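start-v9.cif follows; it contains mmCIF, C-alpha atoms.
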data_start
#
loop_
_atom_site.label_atom_id
_atom_site.label_comp_id
_atom_site.auth_asym_id
_atom_site.auth_seq_id
_atom_site.Cartn_x
_atom_site.Cartn_y
_atom_site.Cartn_z
CA MET A 551 13.83 5.78 25.58
CA SER A 552 11.98 4.84 28.69
CA ASP A 553 8.54 3.45 28.13
CA GLU A 554 6.62 5.50 30.61
CA LEU A 555 5.63 9.08 31.07
CA ILE A 556 5.66 10.66 34.50
CA LEU A 557 3.48 13.67 35.14
CA GLU A 558 4.06 16.03 38.03
CA VAL A 559 1.68 18.86 38.76
CA VAL A 560 3.15 21.16 41.36
CA THR A 561 1.63 24.25 42.98
CA PRO A 562 3.11 26.31 45.79
CA GLU A 563 0.71 24.64 48.21
CA LYS A 564 1.33 21.06 47.37
CA MET A 565 2.24 18.40 44.89
CA VAL A 566 -1.14 18.05 43.23
CA PHE A 567 -0.40 15.01 41.18
CA SER A 568 2.56 12.79 40.61
CA GLY A 569 2.41 9.53 38.77
CA LYS A 570 2.50 7.57 35.56
CA VAL A 571 0.18 8.61 32.78
CA ASP A 572 -0.34 7.59 29.17
CA GLU A 573 -0.87 11.03 27.77
CA VAL A 574 -1.26 14.58 28.98
CA THR A 575 -2.70 17.67 27.34
CA ILE A 576 -1.62 21.10 28.53
CA PRO A 577 -2.99 24.56 27.65
CA GLY A 578 0.18 26.33 26.54
CA THR A 579 0.17 30.04 25.81
CA GLU A 580 0.77 29.26 22.15
CA GLY A 581 -2.02 26.75 22.07
CA GLU A 582 -2.98 23.47 23.59
CA PHE A 583 -0.52 20.66 23.16
CA GLY A 584 -0.46 16.98 23.95
CA VAL A 585 2.52 15.09 25.24
CA LEU A 586 3.27 11.42 24.76
CA ARG A 587 6.37 9.70 26.01
CA GLY A 588 9.51 10.53 24.09
CA HIS A 589 8.49 14.10 23.42
CA GLU A 590 11.38 16.40 22.63
CA PRO A 591 12.67 18.53 25.55
CA PHE A 592 10.50 21.55 25.67
CA LEU A 593 9.71 24.46 27.94
CA THR A 594 6.65 26.63 27.66
CA SER A 595 4.46 28.91 29.64
CA VAL A 596 0.97 27.77 30.49
CA ASP A 597 -2.24 29.73 30.45
CA ILE A 598 -5.47 29.58 32.36
CA GLY A 599 -7.23 26.55 30.99
CA GLU A 600 -7.83 22.86 31.36
CA LEU A 601 -5.20 20.24 31.72
CA TYR A 602 -6.07 16.59 31.38
CA TYR A 603 -4.21 13.37 31.49
CA ILE A 604 -5.27 9.96 30.31
CA VAL A 605 -4.38 6.90 32.24
CA GLY A 606 -5.86 3.52 31.44
CA GLY A 607 -8.34 5.10 29.03
CA LYS A 608 -9.71 7.41 31.73
CA LYS A 609 -9.50 11.17 31.41
CA VAL A 610 -8.91 13.30 34.46
CA TYR A 611 -9.40 17.04 34.20
CA TYR A 612 -7.81 19.87 36.14
CA ALA A 613 -8.59 23.56 36.02
CA ILE A 614 -5.27 25.34 36.15
CA ASN A 615 -3.91 28.82 36.48
CA THR A 616 -0.89 30.37 34.79
CA GLY A 617 2.58 28.92 35.13
CA TYR A 618 4.83 26.89 32.95
CA ALA A 619 5.49 23.34 31.86
CA GLU A 620 8.74 21.55 31.38
CA VAL A 621 8.78 18.50 29.15
CA THR A 622 11.58 16.02 28.89
CA GLY A 623 11.48 12.64 27.19
CA SER A 624 10.02 10.76 30.10
CA LYS A 625 8.73 13.43 32.42
CA VAL A 626 6.38 16.38 32.35
CA THR A 627 6.56 18.90 35.15
CA VAL A 628 3.84 21.49 35.34
CA LEU A 629 4.42 24.36 37.74
CA ILE A 630 1.35 26.46 38.22
CA GLU A 631 -0.07 28.79 40.79
CA THR A 632 -3.25 26.81 41.33
CA ALA A 633 -4.70 23.55 40.12
CA GLU A 634 -8.06 22.06 40.95
CA ARG A 635 -9.24 18.61 40.10
CA ALA A 636 -12.50 18.77 38.20
CA ASP A 637 -14.53 16.87 40.78
CA ALA A 638 -13.20 19.04 43.59
CA ILE A 639 -14.35 22.33 42.11
CA ASP A 640 -16.97 24.20 44.05
CA LYS A 641 -19.35 25.14 41.28
CA ASP A 642 -21.39 27.59 43.33
CA ARG A 643 -18.30 29.46 44.32
CA ALA A 644 -17.12 29.54 40.72
CA ASN A 645 -20.50 30.84 39.60
CA ARG A 646 -20.46 33.53 42.25
CA ALA A 647 -16.93 34.51 41.26
CA LYS A 648 -18.04 34.73 37.66
CA GLU A 649 -21.02 36.96 38.46
CA ASN A 650 -18.91 39.14 40.69
CA ALA A 651 -16.21 39.53 38.05
CA THR A 652 -18.74 40.26 35.32
CA ALA A 653 -20.41 42.93 37.42
CA GLN A 654 -17.14 44.58 38.33
CA LEU A 655 -15.87 44.44 34.80
CA ALA A 656 -18.94 46.23 33.51
CA GLY A 657 -18.22 49.19 35.78
CA LEU A 658 -14.57 49.59 34.82
CA ALA A 659 -12.91 51.44 31.99
CA LYS A 660 -10.54 49.41 29.90
CA GLU A 661 -7.60 51.57 30.92
CA HIS A 662 -8.19 51.01 34.62
CA ASP A 663 -5.50 49.07 36.44
CA ASP A 664 -8.03 46.64 37.83
CA TYR A 665 -9.53 45.87 34.46
CA GLU A 666 -6.91 43.29 33.56
CA LYS A 667 -7.12 41.78 37.02
CA MET A 668 -10.87 41.35 36.83
CA ARG A 669 -10.66 40.04 33.30
CA LEU A 670 -8.32 37.30 34.47
CA ALA A 671 -10.56 36.55 37.42
CA LEU A 672 -13.49 36.15 35.06
CA LEU A 673 -11.45 33.91 32.80
CA ARG A 674 -10.50 31.71 35.74
CA ALA A 675 -14.08 31.43 36.93
CA VAL A 676 -15.38 30.55 33.47
CA ASN A 677 -12.63 27.99 33.08
CA ARG A 678 -13.44 26.37 36.39
CA ILE A 679 -17.10 26.13 35.52
CA SER A 680 -16.40 24.52 32.18
CA VAL A 681 -13.97 22.04 33.69
CA ALA A 682 -16.40 21.18 36.46
CA GLU A 683 -19.07 20.46 33.87
CA LYS A 684 -16.73 18.11 32.05
CA SER A 685 -16.32 16.06 35.15
CA SER A 686 -20.07 15.60 35.59
CA GLN A 687 -20.43 14.40 32.01
CA SER A 688 -17.77 11.74 32.18
CA MET B 812 1.97 40.98 105.42
CA PRO B 813 -0.83 40.15 102.99
CA SER B 814 -3.63 38.13 104.45
CA LEU B 815 -4.17 34.47 103.71
CA LYS B 816 -7.19 35.24 101.59
CA ASP B 817 -5.31 37.72 99.40
CA ILE B 818 -2.57 35.22 98.67
CA LYS B 819 -5.08 32.50 97.89
CA ARG B 820 -6.79 34.77 95.41
CA LYS B 821 -3.50 35.56 93.76
CA VAL B 822 -2.61 31.89 93.40
CA THR B 823 -5.92 31.20 91.66
CA ALA B 824 -5.33 34.14 89.32
CA VAL B 825 -1.87 32.94 88.39
CA GLN B 826 -3.18 29.44 87.87
CA LYS B 827 -5.71 30.76 85.41
CA THR B 828 -3.04 32.71 83.57
CA LYS B 829 -1.00 29.56 83.40
CA GLN B 830 -3.89 27.71 81.83
CA ILE B 831 -4.22 30.37 79.19
CA THR B 832 -0.54 30.50 78.36
CA ARG B 833 -0.39 26.75 78.14
CA ALA B 834 -3.36 26.69 75.79
CA MET B 835 -1.76 29.39 73.65
CA ASN B 836 1.42 27.38 73.55
CA MET B 837 -0.45 24.38 72.24
CA VAL B 838 -2.38 26.39 69.67
CA ALA B 839 0.87 27.95 68.47
CA ALA B 840 2.43 24.51 68.28
CA SER B 841 -0.28 23.16 66.02
CA LYS B 842 -0.24 26.28 63.86
CA PHE B 843 3.50 26.02 63.68
CA LYS B 844 3.18 22.47 62.46
CA SER B 845 0.85 23.44 59.66
CA ALA B 846 3.06 26.40 58.72
CA GLN B 847 6.02 24.08 58.57
CA LEU B 848 4.08 21.66 56.41
CA LYS B 849 3.24 24.49 54.07
CA MET B 850 6.91 25.34 53.84
CA GLU B 851 7.78 21.76 53.04
CA ASN B 852 5.10 21.57 50.39
CA PHE B 853 6.44 24.71 48.82
CA ARG B 854 9.96 23.38 48.54
CA PRO B 855 9.52 21.25 45.39
CA TYR B 856 7.86 24.16 43.63
CA ALA B 857 10.57 26.63 44.58
CA GLY B 858 13.33 24.20 43.75
CA LYS B 859 11.99 23.37 40.31
CA PHE B 860 11.30 26.98 39.66
CA MET B 861 14.85 28.04 40.42
CA ASP B 862 16.23 25.26 38.21
CA VAL B 863 14.26 26.42 35.23
CA LEU B 864 14.87 30.10 35.87
CA ASN B 865 18.59 29.57 36.17
CA SER B 866 18.87 27.47 33.06
CA LEU B 867 16.82 30.04 31.20
CA ALA B 868 18.82 32.97 32.52
CA LEU B 869 22.01 31.36 31.32
CA ARG B 870 20.85 31.42 27.73
CA VAL B 871 19.21 34.82 27.67
CA ASP B 872 20.72 38.22 28.21
CA THR B 873 19.00 39.17 31.43
CA SER B 874 20.31 42.69 31.78
CA THR B 875 17.61 44.22 29.61
CA HIS B 876 14.63 43.21 31.66
CA PRO B 877 12.96 46.15 33.46
CA LEU B 878 12.86 44.28 36.76
CA LEU B 879 16.63 44.00 36.67
CA ALA B 880 17.28 47.62 35.74
CA VAL B 881 19.69 49.32 38.09
CA ARG B 882 18.97 53.01 38.58
CA ASP B 883 20.42 55.61 40.87
CA PRO B 884 18.39 54.87 44.00
CA LYS B 885 16.62 58.06 45.00
CA LYS B 886 13.28 56.68 45.97
CA ILE B 887 13.21 53.56 48.03
CA ARG B 888 10.36 51.37 49.08
CA VAL B 889 10.47 48.93 51.91
CA ILE B 890 8.18 46.02 52.59
CA CYS B 891 8.07 45.34 56.30
CA MET B 892 6.62 41.96 57.10
CA THR B 893 5.46 41.49 60.68
CA SER B 894 2.85 39.31 62.27
CA ASP B 895 -0.76 40.30 62.87
CA ARG B 896 -0.80 39.35 66.52
CA GLY B 897 1.44 39.95 69.44
CA LEU B 898 2.43 37.79 72.39
CA CYS B 899 5.25 36.22 70.50
CA GLY B 900 8.28 37.50 72.35
CA GLY B 901 10.68 39.74 70.52
CA PHE B 902 9.51 38.59 67.11
CA ASN B 903 7.99 41.87 65.98
CA THR B 904 10.02 44.19 68.17
CA ASN B 905 13.29 43.04 66.72
CA LEU B 906 12.01 43.31 63.20
CA ILE B 907 10.59 46.78 63.75
CA LYS B 908 13.88 47.89 65.27
CA ALA B 909 15.77 46.58 62.28
CA THR B 910 13.35 48.34 59.97
CA GLU B 911 13.67 51.61 61.85
CA ARG B 912 17.43 51.43 61.71
CA PHE B 913 17.30 50.76 57.99
CA LEU B 914 14.87 53.60 57.38
CA ARG B 915 17.02 56.00 59.36
CA GLU B 916 20.15 55.00 57.48
CA LYS B 917 18.53 55.54 54.11
CA THR B 918 16.90 58.80 55.13
CA ASN B 919 20.24 60.09 56.35
CA GLU B 920 21.67 59.31 52.96
CA GLY B 921 19.12 61.73 51.60
CA LYS B 922 16.84 59.17 50.08
CA GLU B 923 13.13 59.19 49.98
CA VAL B 924 11.81 56.15 51.76
CA SER B 925 8.28 54.87 51.96
CA LEU B 926 6.87 51.81 53.57
CA ILE B 927 4.59 48.96 52.66
CA ASN B 928 3.32 47.09 55.68
CA VAL B 929 2.34 43.51 55.79
CA GLY B 930 0.98 42.47 59.16
CA ARG B 931 -0.92 44.48 61.72
CA LYS B 932 1.87 44.90 64.26
CA GLY B 933 4.18 46.74 61.91
CA ARG B 934 1.36 48.88 60.60
CA ASP B 935 0.35 49.90 64.14
CA HIS B 936 3.90 50.84 64.96
CA PHE B 937 4.67 52.84 61.86
CA ARG B 938 1.26 54.41 61.44
CA LYS B 939 2.42 57.79 62.65
CA LYS B 940 6.13 57.49 62.08
CA ALA B 941 6.63 56.84 58.42
CA THR B 942 5.05 57.25 55.04
CA ILE B 943 2.97 54.19 54.47
CA LEU B 944 2.02 53.47 50.91
CA ALA B 945 0.07 50.32 51.28
CA GLN B 946 -0.80 47.83 53.92
CA LYS B 947 -2.02 44.30 54.23
CA VAL B 948 -3.29 43.45 57.67
CA ASP B 949 -5.16 40.53 59.21
CA CYS B 950 -4.17 38.29 56.38
CA LEU B 951 -1.51 36.06 57.85
CA SER B 952 -3.62 33.60 59.78
CA LYS B 953 -4.67 31.99 56.54
CA PHE B 954 -3.07 32.82 53.25
CA ASP B 955 -2.04 31.26 49.99
CA MET B 956 -0.19 32.21 46.87
CA THR B 957 -2.79 34.84 45.95
CA LEU B 958 -1.64 37.04 48.82
CA ALA B 959 1.93 36.90 47.59
CA VAL B 960 0.73 37.65 44.08
CA SER B 961 -1.25 40.67 45.18
CA ILE B 962 1.65 42.04 47.23
CA ALA B 963 4.09 41.46 44.40
CA ASP B 964 1.89 42.92 41.69
CA GLU B 965 1.46 46.07 43.70
CA VAL B 966 5.19 46.66 43.65
CA ILE B 967 6.07 45.37 40.20
CA THR B 968 4.07 47.84 38.14
CA PRO B 969 5.34 51.04 39.81
CA PHE B 970 8.90 49.77 39.55
CA ILE B 971 8.59 49.22 35.84
CA LYS B 972 7.00 52.65 35.52
CA GLU B 973 10.07 53.99 37.35
CA GLU B 974 8.05 55.46 40.18
CA TYR B 975 10.73 54.24 42.54
CA ASP B 976 14.19 52.79 42.18
CA GLU B 977 14.79 50.19 44.84
CA LEU B 978 12.69 47.80 46.84
CA TYR B 979 13.72 46.06 50.00
CA LEU B 980 11.97 43.31 51.87
CA ILE B 981 12.49 43.12 55.61
CA TYR B 982 11.24 39.96 57.27
CA ASN B 983 12.10 37.43 59.90
CA GLN B 984 14.08 34.66 58.39
CA PHE B 985 13.17 31.34 59.89
CA VAL B 986 16.20 29.56 61.29
CA ASN B 987 14.55 27.17 63.72
CA VAL B 988 11.70 27.14 66.20
CA SER B 989 13.34 29.49 68.65
CA VAL B 990 15.58 31.49 66.34
CA GLN B 991 14.36 34.02 63.81
CA ARG B 992 16.73 36.42 62.21
CA SER B 993 15.68 39.82 60.90
CA SER B 994 16.90 39.95 57.37
CA ILE B 995 16.89 42.63 54.73
CA VAL B 996 16.69 41.50 51.14
CA ARG B 997 16.80 43.62 48.06
CA LEU B 998 14.00 42.64 45.74
CA PHE B 999 14.31 45.27 43.00
CA PRO B 1000 16.38 45.49 41.04
CA LEU B 1001 16.44 41.73 41.29
CA PRO B 1002 19.78 40.39 42.37
CA SER B 1003 21.49 38.72 39.48
CA ILE B 1004 20.17 35.33 38.63
CA GLY B 1005 21.57 32.55 36.55
CA GLN B 1006 25.00 32.30 38.08
CA PRO B 1007 26.65 29.33 36.45
CA ASP B 1008 26.00 26.61 38.93
CA ALA B 1009 29.02 24.42 39.44
CA ASP B 1010 26.99 21.68 41.09
CA MET B 1011 24.68 21.27 38.20
CA GLU B 1012 25.65 18.26 36.20
CA SER B 1013 25.99 18.97 32.56
CA ASP B 1014 23.67 16.19 31.51
CA LYS B 1015 20.93 17.68 33.66
CA ARG B 1016 21.04 20.82 31.62
CA LEU B 1017 18.84 19.78 28.78
CA ASP B 1018 18.71 21.68 25.59
CA TYR B 1019 15.12 22.73 25.51
CA SER B 1020 13.17 24.18 22.75
CA TYR B 1021 11.22 27.14 23.99
CA GLU B 1022 7.75 28.25 23.22
CA PRO B 1023 7.26 31.20 23.07
CA SER B 1024 10.83 32.42 22.59
CA ASP B 1025 13.16 32.34 25.58
CA GLU B 1026 13.08 36.12 26.02
CA VAL B 1027 9.31 36.20 26.24
CA LEU B 1028 9.34 33.29 28.60
CA LEU B 1029 11.80 35.05 30.87
CA GLN B 1030 9.52 38.07 30.89
CA LYS B 1031 6.80 35.85 32.26
CA LEU B 1032 8.97 34.01 34.71
CA LEU B 1033 10.54 37.01 36.43
CA PRO B 1034 7.30 38.28 37.98
CA MET B 1035 6.63 34.72 39.07
CA TYR B 1036 10.06 34.71 40.64
CA VAL B 1037 9.03 37.73 42.69
CA HIS B 1038 5.88 35.87 43.74
CA VAL B 1039 8.00 32.97 44.86
CA LEU B 1040 10.29 35.22 46.89
CA VAL B 1041 7.40 37.01 48.57
CA TYR B 1042 5.54 33.79 49.23
CA ARG B 1043 8.59 32.27 50.83
CA ALA B 1044 8.98 35.30 53.08
CA LEU B 1045 5.33 35.02 54.07
CA LEU B 1046 5.74 31.36 54.91
CA GLU B 1047 8.83 32.04 56.97
CA THR B 1048 7.06 34.86 58.79
CA SER B 1049 4.13 32.68 59.65
CA ALA B 1050 6.28 29.77 60.80
CA GLY B 1051 8.58 32.10 62.73
CA GLU B 1052 5.68 33.89 64.40
CA ASN B 1053 4.20 30.69 65.71
CA GLY B 1054 7.58 29.34 66.69
CA ALA B 1055 8.32 32.51 68.62
CA ARG B 1056 4.92 32.39 70.26
CA MET B 1057 5.48 28.79 71.28
CA ALA B 1058 8.75 29.72 72.95
CA ALA B 1059 7.27 32.82 74.59
CA MET B 1060 4.29 30.95 75.94
CA ASP B 1061 6.44 28.13 77.16
CA ASN B 1062 8.46 30.67 79.11
CA ALA B 1063 5.32 32.28 80.46
CA THR B 1064 3.98 28.93 81.62
CA SER B 1065 7.12 28.07 83.52
CA ASN B 1066 7.19 31.56 85.02
CA CYS B 1067 3.64 30.98 86.22
CA GLU B 1068 4.69 27.72 87.82
CA GLU B 1069 7.54 29.47 89.58
CA LEU B 1070 5.20 32.16 90.81
CA ILE B 1071 2.69 29.62 92.04
CA ARG B 1072 5.42 27.83 93.94
CA THR B 1073 6.60 30.93 95.80
CA LEU B 1074 3.06 32.08 96.44
CA THR B 1075 2.04 28.71 97.83
CA LEU B 1076 5.04 28.81 100.13
CA LYS B 1077 4.00 32.24 101.31
CA MET B 1078 0.45 31.08 101.75
CA ASN B 1079 1.52 28.14 103.89
CA LYS B 1080 3.67 30.37 106.00
CA ALA B 1081 0.80 32.76 106.51
CA ARG B 1082 -1.48 29.88 107.45
CA GLN B 1083 1.04 28.57 109.94
CA ALA B 1084 1.45 32.00 111.43
CA ALA B 1085 -2.30 32.25 111.84
CA ILE B 1086 -2.49 28.83 113.53
CA THR B 1087 0.38 29.69 115.82
CA ALA B 1088 -1.28 32.94 116.80
CA GLU B 1089 -4.50 31.09 117.54
CA LEU B 1090 -2.72 28.47 119.62
CA MET B 1091 -0.98 31.19 121.60
CA ASP B 1092 -4.36 32.71 122.29
CA ILE B 1093 -5.80 29.43 123.51
CA VAL B 1094 -2.76 28.60 125.62
CA GLY B 1095 -2.78 32.10 127.08
CA GLY B 1096 -6.52 31.75 127.81
CA THR B 1097 -6.23 28.38 129.59
CA GLU B 1098 -3.27 29.59 131.63
CA ALA B 1099 -5.25 32.63 132.73
CA LEU B 1100 -8.19 30.34 133.67
CA ALA B 1101 -5.93 27.95 135.65
CA LYS B 1102 -4.43 30.84 137.55
CA GLY B 1103 -7.82 32.25 138.32
#
Could you express the structure from this file as structure tokens?
Amino acid sequence: MSDELILEVVTPEKMVFSGKVDEVTIPGTEGEFGVLRGHEPFLTSVDIGELYYIVGGKKVYYAINTGYAEVTGSKVTVLIETAERADAIDKDRANRAKENATAQLAGLAKEHDDYEKMRLALLRAVNRISVAEKSSQS
Amino acid sequence: MPSLKDIKRKVTAVQKTKQITRAMNMVAASKFKSAQLKMENFRPYAGKFMDVLNSLALRVDTSTHPLLAVRDPKKIRVICMTSDRGLCGGFNTNLIKATERFLREKTNEGKEVSLINVGRKGRDHFRKKATILAQKVDCLSKFDMTLAVSIADEVITPFIKEEYDELYLIYNQFVNVSVQRSSIVRLFPLPSIGQPDADMESDKRLDYSYEPSDEVLLQKLLPMYVHVLVYRALLETSAGENGARMAAMDNATSNCEELIRTLTLKMNKARQAAITAELMDIVGGTEALAKG
């Protein structure tokens, strides 16, 4: 078994991250899971949430959108629609998005087609805010 | 014969046009570069995605998924993807022609066809000629995956609800800077995926464990597959548009140069004619004086 773990975070726009890490934690749809090197081959879908990797004792957070993750013994590939590094998140924009989504959600019936869309938008905004706050603490 | 002044004015006008076309050429070139970069950045994502989808489709019975359901096509929807702006040669015209031909064919077969327009040019053309269900205009100058997602989601739900039976995507396939090919792709029902890939080495095909189960995962991946297809078409449209504009503006610039050359020649001739006429006058005048 190789002694390193490669993480690749890929979005349609660009390769967000590619490099060696010690450990990575991914928000799977069935719950958050951590990957160390030598993990069994594994494929799962990923939910809106926070992804972080640890390299040299330092944690780096990303706010990510839905997609999936592919784990092999020495490599983790995460394919998602968007990923933002915690320190690159525009908090004001996230806050505005949250307010906007909350307001819209209040005016919609649960059966409405847009309800689910707005709910996801709200979830994304809340997630981005919480990830952004993590970066300011560390 | 136009006067010297008229020709001079015309030359200046053409020169100004040339400046504009050259500037547009350069703007298109830089936009083309960024569109191309976007395409390159998308490639790893698309490649990985197809790998996983194929390996998943091989293990799961794909025929049951609603996005793959083949029905008797009575109602057809067409996504026509043009650019928002003109001045890019035959880019939009060719695509619109192809779309019209396709619409006519299907209508003649007695099918009910409606249109979804992406891009202002197509919308403007079809506004009064066809049933337009939805449109996305002024969105191509700057877009990301969310645009593809919103286009795709608008078509996925009605297909699953069986509101229509077939969906086609008509867009300009990007071949190279100066060549774009109008292509018609069937999106729904999705063409079969997961053909056993002979090139794929067997050791690359890892035996994964899946979470959630492989069927559920496929359910999630198929809509994403549609996003990928639409996003790729958008990227190709945007790269093709700017490539076509580059070529068109390059042509226009050299036409301007040609025009300036002939006009300058004409202008010089006119000037010479004027000088000759003046000289004749003077010579005639002095001769008359000498005689007198």
Original post:
What residues in chain B lie within 7 Å of chain A, counting all atoms listed in the file, written as a ChimeraX atom specification?
Top reply: /B:849,852-853,856,956,1018-1023,1028
Subject >> Residue members of the PyMOL selection byres ((chain A and resi 666-677) around 9) in the file shown, as a ChimeraX atom specification >> reply: /A:598-600,613-615,643-652,654-655,660-665,678-682
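Closest to Gly588 (chain A) among A:Val626, A:Ile639, A:Val610, A:Ala656 is A:Val626, based on all atoms listed in the file.
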**OP:** Fewer than 3 positions away in the same chain doesn't count, so skip those; otherwise give me all residues within 10 Å of Gly901 (chain B), counting all atoms listed in the file, as a PyMOL selection string.
**Re:** chain B and resi 897-898+904-907+991+1052+1055-1056+1059
**OP:** Please indicate the distance in Å from CA of Ser568 (chain A) to CA of Leu951 (chain B), rounded to one decimal place.
**Re:** 29.2 Å
Original post:
Can you find the residues with an atom no farther than 12 Å from (21.0, 49.3, 35.1), counting all atoms listed in the file, and report them as a list in words?
Top reply: Thr873, Ser874, Thr875, His876, Pro877, Leu878, Leu879, Ala880, Val881, Arg882, Asp883, Pro884, Asp976, Glu977, Phe999, Pro1000, Leu1001, Pro1002 and Ser1003 of chain B
Subject >> Answer key for the PyMOL selection byres ((chain B and resi 958) around 12), residues as a ChimeraX atom specification >> reply: /A:631 /B:929-930,946-957,959-965,1038-1039,1041-1046
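Near Tyr611 (chain A), within a cut-off of 6 Å and counting all atoms listed in the file, sit the residues A:Leu601, A:Tyr602, A:Ala636, with same-chain residues fewer than 6 positions away left out.
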Write the residues of the preceding selection, restricted to C-alpha atoms, as a PDB file, in the frame of the given file.
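File written: out-v9.pdb
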ATOM      1  CA  LEU A 601      -5.200  20.240  31.720  1.00  0.00           C
ATOM      2  CA  TYR A 602      -6.070  16.590  31.380  1.00  0.00           C
ATOM      3  CA  ALA A 636     -12.500  18.770  38.200  1.00  0.00           C
TER       4      ALA A 636
END
Please write the residues picked by the PyMOL selection byres ((chain A and resi 624) around 7) on this file as a short mmCIF file (atom, residue, chain, number, x, y, z; two decimals) with C-alpha atoms, in the coordinates of the input.
data_model
loop_
_atom_site.label_atom_id
_atom_site.label_comp_id
_atom_site.auth_asym_id
_atom_site.auth_seq_id
_atom_site.Cartn_x
_atom_site.Cartn_y
_atom_site.Cartn_z
CA SER A 552 11.98 4.84 28.69
CA GLU A 554 6.62 5.50 30.61
CA LEU A 555 5.63 9.08 31.07
CA ILE A 556 5.66 10.66 34.50
CA ARG A 587 6.37 9.70 26.01
CA GLY A 588 9.51 10.53 24.09
CA THR A 622 11.58 16.02 28.89
CA GLY A 623 11.48 12.64 27.19
CA LYS A 625 8.73 13.43 32.42
#
Subject >> Distance query 10 Å from (-8.4, 9.6, 30.3) using all atoms listed in the file, result as an NGL selection string >> reply: :A and (571-574 or 602-611 or 688)
Could you work out an axis-aligned bounding box for all listed atoms of region 953-961 of chain B, with 3 Å added on each of the six sides, and give its centre and edge lengths in Å to one decimal, as JSON?
{"center_x": -1.4, "center_y": 36.0, "center_z": 50.3, "size_x": 12.6, "size_y": 15.4, "size_z": 18.5}
Subject >> Residue nearest Met835 (chain B) among B:Leu978, B:Lys1031, B:Cys899, B:Glu1068 (counting all atoms listed in the file) >> reply: B:Cys899
Original post:
Could you state the separation of CA of Asn987 (chain B) and CA of Val838 (chain B) in Å, given to one decimal place?
Top reply: 18.0 Å
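Atom pair CA of Arg854 (chain B) / CA of Gly1051 (chain B): separated by 16.7 Å.
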